[in-house]
Amino acid sequence: MNRSLIQIAPLAFLVGLVALAVIALRMLDLNYQIDAFLPTPNDPDQALVVDQISSGPGTRLILAALTGDEPETLARLSDDLKTRWQDRPGVSQVTNGVSAPDPATLERLMRARFVLIDDVESRLSSDALENELNERLADLALGGEQVESLIRRDPLGLIPELAEAIAPASQPRSFDGVWFDSDLNRALLLIETRLPAFDSAAQGKLVEQLRNDFDALNSARTDLTLAGPAIIGLDSAQRSQAEAQRLSILGSAFLLLVLIVAWRSLPLLIAAALPLAAGTVAGLTTVALVFEHVHGLTLAFGFTLLGVVLDYPVHLFGHAAGRRLEHAARDIAGPLLLGAASTLIAYLAIWSSTSSGLAQLGAFSAVGLSAAALTTLLLPKLGLQQPRRLVRRPIRTLHRPAWVWLAALLSLSWLIWQGEARWSTDLTRLSPVDSALLADDIELRQALGAGTIGHLIVLHADDLDQVLVDTEATVGFLREARSDGLLSDWQSPTDLLPSRATQRTRRASWPDPELLGEQLRVAAPQFRPDTFEPFLADLEALSSLPELRPNFWQDTALEGRLDSLLSQVEDGWRALIIPAGLDAPDALSRFLNERGSKGSLIHLREVSESMVAQYRINASQRLLLAAGLIVLLIALRLGNLRDTLAVITPPLAAALCTAAIMSSWHQGLSLVHLIGLLLAAGIGLDFALFNRLMTKQDNAAQKTHRALNICAISTGGVFLILGQSTIGMLNMLGLTVFVGVLLSWIFARLHGHARAGGQ
Amino acid sequence: MMSGPLLLLSLLLNLNAQSEAFDPAFILANLEQQGEQIQFTETRISGLLSEPLIVRGSLRRSDNGDLIRETTSPSQETQTLGSNFVELRRSSGYRRRFSLDRAPELAALRTILLALLDGQMHTLSDDFSVSGIGSSVDWQISLAPRRDLIAERLDKIVLLGQTTRLNALVLHFEDGSEVKTQFDTGLETDTEFNPGIDAGIDAESDAEITTESPPSTTP
């Protein structure tokens with residue numbers, strides 16, 4: 001009875017922990033904002049960059065490409081899809097070529113056109129009117145009912161002019177009126193959604209709908225490729241889930257296999273899971289209580305960092321072979337707690353980070369690690385049977401500390417020689433984005449000419465009207481700059497929303513409808529006198545049109561455009577002007593400065609790179625401080641420099657070598673690599689501590705080596721499996737930890753005690 | 001003196017000979033090739049204008065098989081009609097391109113004019129059902145589009161000619177409006193466009209012909 005109780009005690013404990021974990025998970029308010037792991041912005045420019053990455057105009061776009069048939073067929077399919085997609089809930093606009101605005105948008109443009117057009121007086125001179133009406137005659141020369149009704153309402157051609165001003169500055173190649181890539185292989189469409197950028201559920205539904213529409217129309221030959229941040233977000237959510245699941249099942253199976261072979265005992269196996277389970281529950285509870293929202297990725301990374309505690313029961317049971325667990329626990333408590341305390345310092349350093357995602361990661365791991373270490377030492381209380389005795393074998397040691405030093409020095413030199421290339425400054429690598437999808441995205445963007453927005457002119461003001469006034473002034477300077485050849489075009493929020501003063505001036509410039517009717521009759525006697533009645537009626541209605549405000553464009557295709565260029569920020573309003581055809585940004589920047597423009601030209605990539613660099617410097621400073629504290633702690637605990645050096649050299653050398661290898665393999669180290677290195681160093685420190693402190697007698701040395709071998713094979717193996725992921729982040733993390741653990745294990749052995757027998 | 005049955009036979013033979021001479025397919029196959037460039041004058045009726053709009057210009061074929069329509073009046077404009085698109089360019093710098101699906105009548109016009117430029121008018125029966133009235137000397141051939149997309153917009157296209165020469169072409173739209181294109185053949189013809197009566201018919205053509213197509217109205 002008592003014995004069977006002992007058998008089920010670990011299981012009962014485990015079940016209890018799982019139940020607690022479920023409760024903690026329910027308390028969590030998880031979100032999947034992509035910016036959680038981005039640095040906290042320090043200035044408005046940085047804030048803009050983070051905004052652009054997490055919710056900029058680009059994030060609401062879905063790019064679509066049709067391939068696999070003749071251009072004529074693709075063009076027709078593109079038109080058909082546009083018609084269907086346009087009506088889907090959540091879609092604000094589908095563009096597949098140069099085309100007239102949809103009826104709702106056209107109607108709104110018709111109402112607003114009188115205040116959106118400048119130089120009203122010069123447009124109404126008799127020469128200008130005559131020219132414009134001659135153009136309308138030319139329109140009629142090709143005829144069509146639609147042309148006639150547009151001419152009646154818009155004899156001055158204001159709508160085509162506005163449509164052109166609003167259209168993106170650079171357009172892709174067009175075939176049959178439909179956008180194509182330059183080789184005419186792919187028909188291109190741009191879908192603008194109204195859905196929040198990372199509302200995966202809504203995005204998922206929409207994307208499924210888009211694909212269904214395509215399947216319904218498609219003739220089996222054609223393929224549809226979708227790209228864009230929404231697709232990337234969706235795919236990474238779905239795929240990371242599926243792939244993480246597959247890899248963790250594989251990893252767990254592997255771990256189980258190693259431990260079964262090592263221990264051949266089910267209760268031990270279950271007990272070995274307890275420290276990790278306890279750590280997870282403690283970590284989850286902490287983040288749930290301390291942080292308002294918890295990022296999904298925090299948990300994923302947190303579990304990974306907690307992987308270090310998998311080794312704790314391995315050490316315990318390894319040293320208990322043939323002895324009571326209590327004795328083994330007492331023996332290993334020293335190196336285990338020292339290792340845990342050191343790792344804890346590093347995790348606390350991450351906790352102090354300014355990035356909310358990293359802070360959560362640090363909190364989760366620090367608390368989880370402490371709980372796991374304590375649980376490990378409490379495992380003997382469960383009354384587990386003692387692990388079987390080892391067959392005594394002679395100890396073979398490889399004492400070659402010089403090799404470790406040499407490897408460390410070579411790696412350090414390589415890292416120094418690489419210079420800045422050792423770091424990856426690409427901010428987008430901090431997000432869990434699949435590289436193939438990113439490549440699709442970049443390629444389609446290039447084909448669409450949508451490009452990644454490189455430069456922006458940013459304006460800030462306390463209130464909406466002031467920012468519009470400043471923007472108009474800057475647009476005035478841009479006109480001058482354009483005639484100097486500094487840029488070719490731009491998109492400004494004032495194209496859709498002029499300042500109050502400008503709206504007033506333009507309204508006042510339009511003559512009385514009756515007078516204008518007479519002017520039109522004189523300018524073009526070929527037209528029947530009543531032809532332009534609809535236009536004059538619109539002008540009559542101008543007096544009842546309220547002042548244009550941002551919400552004027554609500555529920556039209558232009559709503560998203562204005563939102564992306566004009567937004568309310570914490571301290572007022574922000575307007576963005578997107579320049580096009582900008583060859584010499586520095587010259588334009590000087591030009592604007594010299595004229596006293598309130599707008600400043602910023603290079604998004606430069607800002608984001610400097611931000612990553614600053615972030616890395618901050619993180620490095622914290623980690624260096626942590627490393628110093630760790631060395632101090634170990635030195636105080638061990639009480640001599642020789643042992644301290646022997647303990648810190650292997651993990652340090654392993655971290656340096658791993659950094660050198662990964663920076664070359666993955667074209668620069670990212671934050672993910674640093675997290676991986678940190679974990680590897682934590683595991684390596686444990687290896688070195690046990691190897692140094694627990695191998696003084698042959699009996700203990702055999703047990704320690706065996707435990708370390710199991711740790712290295714199980715941990716290294718699990719991370720090698722994780723490294724097979726096609727998701728960039730998991731791949732980076734898995735391989736970094738694998739290489740780090742492997743080297744830590746080798747270096748710990750090479751730097752172990754010198755033994756007469758082994759030499 | 002001829003007996004009654006013989007007279008009847010002769011009349012029948014004569015009729016047969018006449019109808020053979022006016023085989024629209026034969027006429028189309030034997031139309032004179034118009035040279036590399038054709039001058040035209042087009043008359044358009046529009047409810048917006050107090051008088052018909054006269055469009056003057058020339059037609060030619062580009063090296064890659066597009067039809068180029070260059071107008072000099074009412075304005076300088078180059079229209080390129082490709083297999084599935086039309087592109088407009090004006091001297092003002094204005095440029096626009098759209099699908100021929102959106103202007104099916106232009107697609108029909110393109111087919112006919114390219115066939116005319118290439119001397120391949122007999123191929124038109126692929127896209128149109130061909131019928132004709134008149135005599136081999138003075139004829140009009142009616143082309144009814146077979147493709148639904150075109151037929152939705154365009155009722156028929158009537159070709160007006162004399163012997164082996166095509167003088168004019170009239171587009172009859174579904175809504176009753178018409179556009180007449182007269183080709184500058186170097187000969188004076190009296191196929192002046194008169195929107196009040198059936199556009200395709202000579203004032204002096206015989207009664208049998210005028211009853212072929214009922215008068216249409218313009219908006």
# chains A, B, ... in the order shown; residues from 1 in each chain; ligands from 1
>>> interface_residues(of="chain B", to="chain A", cutoff="6 Å", atoms="only C-alpha atoms", output="short mmCIF file (atom, residue, chain, number, x, y, z; two decimals) with C-alpha atoms, in the first residue's frame")
data_model
loop_
_atom_site.label_atom_id
_atom_site.label_comp_id
_atom_site.auth_asym_id
_atom_site.auth_seq_id
_atom_site.Cartn_x
_atom_site.Cartn_y
_atom_site.Cartn_z
CA LEU B 48 -24.01 66.13 -75.68
CA LEU B 49 -23.25 67.91 -78.91
CA SER B 50 -25.41 70.20 -80.98
CA SER B 75 -7.50 66.62 -81.38
CA ASN B 84 -7.01 42.92 -75.80
CA PHE B 85 -6.32 46.51 -74.85
CA ARG B 97 -4.82 52.16 -71.27
CA PHE B 98 -7.83 49.94 -70.76
CA SER B 99 -9.12 46.52 -71.68
#
>>> residues_around(residues="Ile23 of chain A", least_positions_apart="2", cutoff="12 Å", atoms="only C-alpha atoms", output="PDB file with C-alpha atoms, in the first residue's frame")
ATOM      1  CA  GLY A  16      -1.496  18.673  -9.769  1.00  0.00           C
ATOM      2  CA  LEU A  17       1.068  20.843 -11.521  1.00  0.00           C
ATOM      3  CA  VAL A  18      -0.634  20.434 -14.904  1.00  0.00           C
ATOM      4  CA  ALA A  19      -3.936  21.510 -13.329  1.00  0.00           C
ATOM      5  CA  LEU A  20      -2.226  24.583 -11.880  1.00  0.00           C
ATOM      6  CA  ALA A  21      -0.681  25.325 -15.263  1.00  0.00           C
ATOM      7  CA  LEU A  25      -2.908  29.801 -18.621  1.00  0.00           C
ATOM      8  CA  ARG A  26      -6.538  30.822 -18.202  1.00  0.00           C
ATOM      9  CA  MET A  27      -5.430  33.888 -16.279  1.00  0.00           C
ATOM     10  CA  LEU A  28      -3.109  34.883 -19.090  1.00  0.00           C
ATOM     11  CA  VAL A 281       3.734  26.644 -13.566  1.00  0.00           C
ATOM     12  CA  ALA A 282       5.737  29.104 -11.474  1.00  0.00           C
ATOM     13  CA  LEU A 284       3.318  31.155 -16.025  1.00  0.00           C
ATOM     14  CA  THR A 285       1.828  32.328 -12.747  1.00  0.00           C
ATOM     15  CA  ALA A 288       0.166  36.228 -15.532  1.00  0.00           C
TER      16      ALA A 288
END
>>> residues_around(residues="Gln162 of chain B", least_positions_apart="5", cutoff="10 Å", atoms="only C-alpha atoms", output="ChimeraX atom specification")
/B:27,31,134-140,167,189
>>> write_last_selection(atoms="C-alpha atoms", output="short mmCIF file (atom, residue, chain, number, x, y, z; two decimals), in the first residue's frame")
data_model
loop_
_atom_site.label_atom_id
_atom_site.label_comp_id
_atom_site.auth_asym_id
_atom_site.auth_seq_id
_atom_site.Cartn_x
_atom_site.Cartn_y
_atom_site.Cartn_z
CA ILE B 27 -17.09 40.69 -102.54
CA LEU B 31 -11.99 43.83 -102.01
CA GLY B 134 -27.74 45.49 -103.14
CA SER B 135 -25.91 44.67 -106.31
CA SER B 136 -22.34 43.76 -107.02
CA VAL B 137 -21.85 47.33 -108.19
CA ASP B 138 -23.40 49.04 -105.22
CA TRP B 139 -23.61 46.90 -102.13
CA GLN B 140 -23.84 46.87 -98.40
CA ASN B 167 -16.31 53.28 -98.96
CA THR B 189 -18.96 59.08 -103.07
#
>>> atom_distance(atom1="atom CA of Leu406 of chain A", atom2="atom CA of Ala655 of chain A")
13.7 Å
>>> closest_residue(among="B:Gln76, B:Ser58, B:Thr123, B:Leu106", to="Ser92 of chain B", atoms="only C-alpha atoms")
B:Gln76
>>> select_by_dssp(residues="segment 6-195 of chain B", states="helix (DSSP H, G or I)", output="PyMOL selection string")
chain B and resi 6-21+24-29+100-102+104-118+121-126+148-151
>>> residues_around(residues="Arg622 of chain A", least_positions_apart="3", cutoff="12 Å", atoms="only C-alpha atoms", output="list of chain:residue names")
A:Ile345, A:Ala346, A:Tyr347, A:Leu348, A:Ala349, A:Ile350, A:Trp351, A:Ser352, A:Ser353, A:Thr354, A:Tyr615, A:Arg616, A:Ile617, A:Asn618, A:Ala619, A:Leu625, A:Ala626, A:Ala627, A:Gly628, A:Leu629
>>> residues_around(residues="segment 368-377 of chain A", least_positions_apart="3", cutoff="9 Å", atoms="only C-alpha atoms", output="ChimeraX atom specification")
/A:271-272,274-284,286,302,305-306,308-310,312-313,316,326,329-330,332-333,336-337,340-341,343-344,363-365,380-381
>>> residues_around(residues="segment 83-88 of chain A", least_positions_apart="6", cutoff="8 Å", atoms="only C-alpha atoms", output="PDB file with C-alpha atoms, in the first residue's frame")
ATOM      1  CA  VAL A  94      -8.944  45.585 -54.470  1.00  0.00           C
ATOM      2  CA  LEU A 206     -10.718  36.391 -45.100  1.00  0.00           C
ATOM      3  CA  GLN A 209     -12.568  33.281 -48.537  1.00  0.00           C
ATOM      4  CA  LEU A 210     -10.130  34.764 -51.046  1.00  0.00           C
ATOM      5  CA  ASP A 213     -13.200  32.588 -54.640  1.00  0.00           C
TER       6      ASP A 213
END
>>> residues_around(residues="Leu109 of chain B", least_positions_apart="2", cutoff="12 Å", atoms="only C-alpha atoms", output="PyMOL selection string")
(chain A and resi 142) or (chain B and resi 59+67-69+81-83+86+100+103-107+111-116+124+127-128+143+145+150+154+156-159+169-172+179-181)
>>> atom_distance(atom1="atom CA of Leu189 of chain A", atom2="atom CA of Asn96 of chain A")
4.4 Å
>>> atom_distance(atom1="atom CA of Leu576 of chain A", atom2="atom CA of Glu472 of chain A")
11.5 Å
>>> select_by_dssp(residues="segment 79-144 of chain B", states="strand (DSSP E or B)", output="PDB file with N, CA and C atoms, in the first residue's frame")
ATOM      1  N   GLN B  79      -4.393  56.199 -80.878  1.00  0.00           N
ATOM      2  CA  GLN B  79      -5.034  55.078 -80.191  1.00  0.00           C
ATOM      3  C   GLN B  79      -4.409  53.796 -80.711  1.00  0.00           C
ATOM      4  N   THR B  80      -3.873  53.018 -79.788  1.00  0.00           N
ATOM      5  CA  THR B  80      -3.291  51.737 -80.170  1.00  0.00           C
ATOM      6  C   THR B  80      -4.251  50.649 -79.720  1.00  0.00           C
ATOM      7  N   LEU B  81      -4.771  49.886 -80.690  1.00  0.00           N
ATOM      8  CA  LEU B  81      -5.683  48.799 -80.341  1.00  0.00           C
ATOM      9  C   LEU B  81      -4.925  47.488 -80.436  1.00  0.00           C
ATOM     10  N   PHE B  85      -6.374  45.233 -75.576  1.00  0.00           N
ATOM     11  CA  PHE B  85      -6.317  46.509 -74.853  1.00  0.00           C
ATOM     12  C   PHE B  85      -6.395  47.657 -75.832  1.00  0.00           C
ATOM     13  N   VAL B  86      -6.698  48.806 -75.301  1.00  0.00           N
ATOM     14  CA  VAL B  86      -6.577  50.010 -76.120  1.00  0.00           C
ATOM     15  C   VAL B  86      -5.800  51.038 -75.308  1.00  0.00           C
ATOM     16  N   GLU B  87      -4.885  51.706 -75.971  1.00  0.00           N
ATOM     17  CA  GLU B  87      -4.086  52.712 -75.280  1.00  0.00           C
ATOM     18  C   GLU B  87      -4.257  54.049 -75.987  1.00  0.00           C
ATOM     19  N   LEU B  88      -4.499  55.075 -75.198  1.00  0.00           N
ATOM     20  CA  LEU B  88      -4.674  56.408 -75.767  1.00  0.00           C
ATOM     21  C   LEU B  88      -3.505  57.290 -75.385  1.00  0.00           C
ATOM     22  N   ARG B  89      -3.037  58.054 -76.342  1.00  0.00           N
ATOM     23  CA  ARG B  89      -2.004  59.053 -76.036  1.00  0.00           C
ATOM     24  C   ARG B  89      -2.381  60.340 -76.727  1.00  0.00           C
ATOM     25  N   ARG B  90      -2.301  61.405 -75.941  1.00  0.00           N
ATOM     26  CA  ARG B  90      -2.605  62.701 -76.539  1.00  0.00           C
ATOM     27  C   ARG B  90      -1.366  63.584 -76.511  1.00  0.00           C
ATOM     28  N   ARG B  95      -2.256  59.914 -71.068  1.00  0.00           N
ATOM     29  CA  ARG B  95      -2.047  58.551 -71.521  1.00  0.00           C
ATOM     30  C   ARG B  95      -2.938  57.623 -70.720  1.00  0.00           C
ATOM     31  N   ARG B  96      -3.614  56.750 -71.376  1.00  0.00           N
ATOM     32  CA  ARG B  96      -4.508  55.845 -70.667  1.00  0.00           C
ATOM     33  C   ARG B  96      -4.575  54.521 -71.406  1.00  0.00           C
ATOM     34  N   ARG B  97      -4.756  53.479 -70.657  1.00  0.00           N
ATOM     35  CA  ARG B  97      -4.817  52.161 -71.275  1.00  0.00           C
ATOM     36  C   ARG B  97      -5.954  51.398 -70.611  1.00  0.00           C
ATOM     37  N   PHE B  98      -6.786  50.765 -71.376  1.00  0.00           N
ATOM     38  CA  PHE B  98      -7.829  49.939 -70.763  1.00  0.00           C
ATOM     39  C   PHE B  98      -8.120  48.712 -71.619  1.00  0.00           C
ATOM     40  N   SER B  99      -8.873  47.803 -71.026  1.00  0.00           N
ATOM     41  CA  SER B  99      -9.115  46.519 -71.677  1.00  0.00           C
ATOM     42  C   SER B  99     -10.134  46.678 -72.793  1.00  0.00           C
ATOM     43  N   PHE B 128     -18.140  37.029 -87.549  1.00  0.00           N
ATOM     44  CA  PHE B 128     -19.436  37.680 -87.813  1.00  0.00           C
ATOM     45  C   PHE B 128     -20.269  36.796 -88.745  1.00  0.00           C
ATOM     46  N   SER B 129     -21.589  36.893 -88.573  1.00  0.00           N
ATOM     47  CA  SER B 129     -22.408  36.266 -89.608  1.00  0.00           C
ATOM     48  C   SER B 129     -22.666  37.330 -90.675  1.00  0.00           C
ATOM     49  N   VAL B 130     -22.386  36.956 -91.918  1.00  0.00           N
ATOM     50  CA  VAL B 130     -22.330  37.932 -93.012  1.00  0.00           C
ATOM     51  C   VAL B 130     -23.597  37.816 -93.856  1.00  0.00           C
ATOM     52  N   SER B 131     -24.205  38.976 -94.127  1.00  0.00           N
ATOM     53  CA  SER B 131     -25.304  38.980 -95.095  1.00  0.00           C
ATOM     54  C   SER B 131     -25.193  40.256 -95.910  1.00  0.00           C
ATOM     55  N   GLY B 132     -25.813  40.272 -97.054  1.00  0.00           N
ATOM     56  CA  GLY B 132     -25.648  41.465 -97.875  1.00  0.00           C
ATOM     57  C   GLY B 132     -26.891  41.771 -98.674  1.00  0.00           C
ATOM     58  N   ILE B 133     -26.966  43.001 -99.118  1.00  0.00           N
ATOM     59  CA  ILE B 133     -28.045  43.419-100.005  1.00  0.00           C
ATOM     60  C   ILE B 133     -27.452  44.374-101.033  1.00  0.00           C
ATOM     61  N   GLY B 134     -28.195  44.599-102.099  1.00  0.00           N
ATOM     62  CA  GLY B 134     -27.738  45.492-103.141  1.00  0.00           C
ATOM     63  C   GLY B 134     -27.255  44.695-104.335  1.00  0.00           C
ATOM     64  N   ASP B 138     -23.107  48.144-106.342  1.00  0.00           N
ATOM     65  CA  ASP B 138     -23.400  49.042-105.224  1.00  0.00           C
ATOM     66  C   ASP B 138     -23.974  48.185-104.099  1.00  0.00           C
ATOM     67  N   TRP B 139     -23.188  47.923-103.106  1.00  0.00           N
ATOM     68  CA  TRP B 139     -23.606  46.904-102.129  1.00  0.00           C
ATOM     69  C   TRP B 139     -23.469  47.391-100.702  1.00  0.00           C
ATOM     70  N   GLN B 140     -24.137  46.706 -99.825  1.00  0.00           N
ATOM     71  CA  GLN B 140     -23.837  46.870 -98.400  1.00  0.00           C
ATOM     72  C   GLN B 140     -23.864  45.499 -97.736  1.00  0.00           C
ATOM     73  N   ILE B 141     -22.877  45.289 -96.937  1.00  0.00           N
ATOM     74  CA  ILE B 141     -22.729  43.988 -96.284  1.00  0.00           C
ATOM     75  C   ILE B 141     -22.869  44.195 -94.786  1.00  0.00           C
ATOM     76  N   SER B 142     -23.739  43.383 -94.227  1.00  0.00           N
ATOM     77  CA  SER B 142     -24.009  43.533 -92.801  1.00  0.00           C
ATOM     78  C   SER B 142     -23.273  42.439 -92.031  1.00  0.00           C
ATOM     79  N   LEU B 143     -22.550  42.827 -91.019  1.00  0.00           N
ATOM     80  CA  LEU B 143     -21.784  41.880 -90.201  1.00  0.00           C
ATOM     81  C   LEU B 143     -22.387  41.857 -88.793  1.00  0.00           C
ATOM     82  N   ALA B 144     -22.987  40.722 -88.413  1.00  0.00           N
ATOM     83  CA  ALA B 144     -23.549  40.619 -87.058  1.00  0.00           C
ATOM     84  C   ALA B 144     -22.568  39.845 -86.193  1.00  0.00           C
TER      85      ALA B 144
END
>>> closest_residue(among="B:Ser62, B:Ser46, B:Gln39, B:Gln182", to="Asp118 of chain B", atoms="only C-alpha atoms")
B:Ser62
>>> closest_residue(among="B:Ala108, B:Ile54, B:Leu28, B:Ile38", to="Gly161 of chain B", atoms="only C-alpha atoms")
B:Leu28
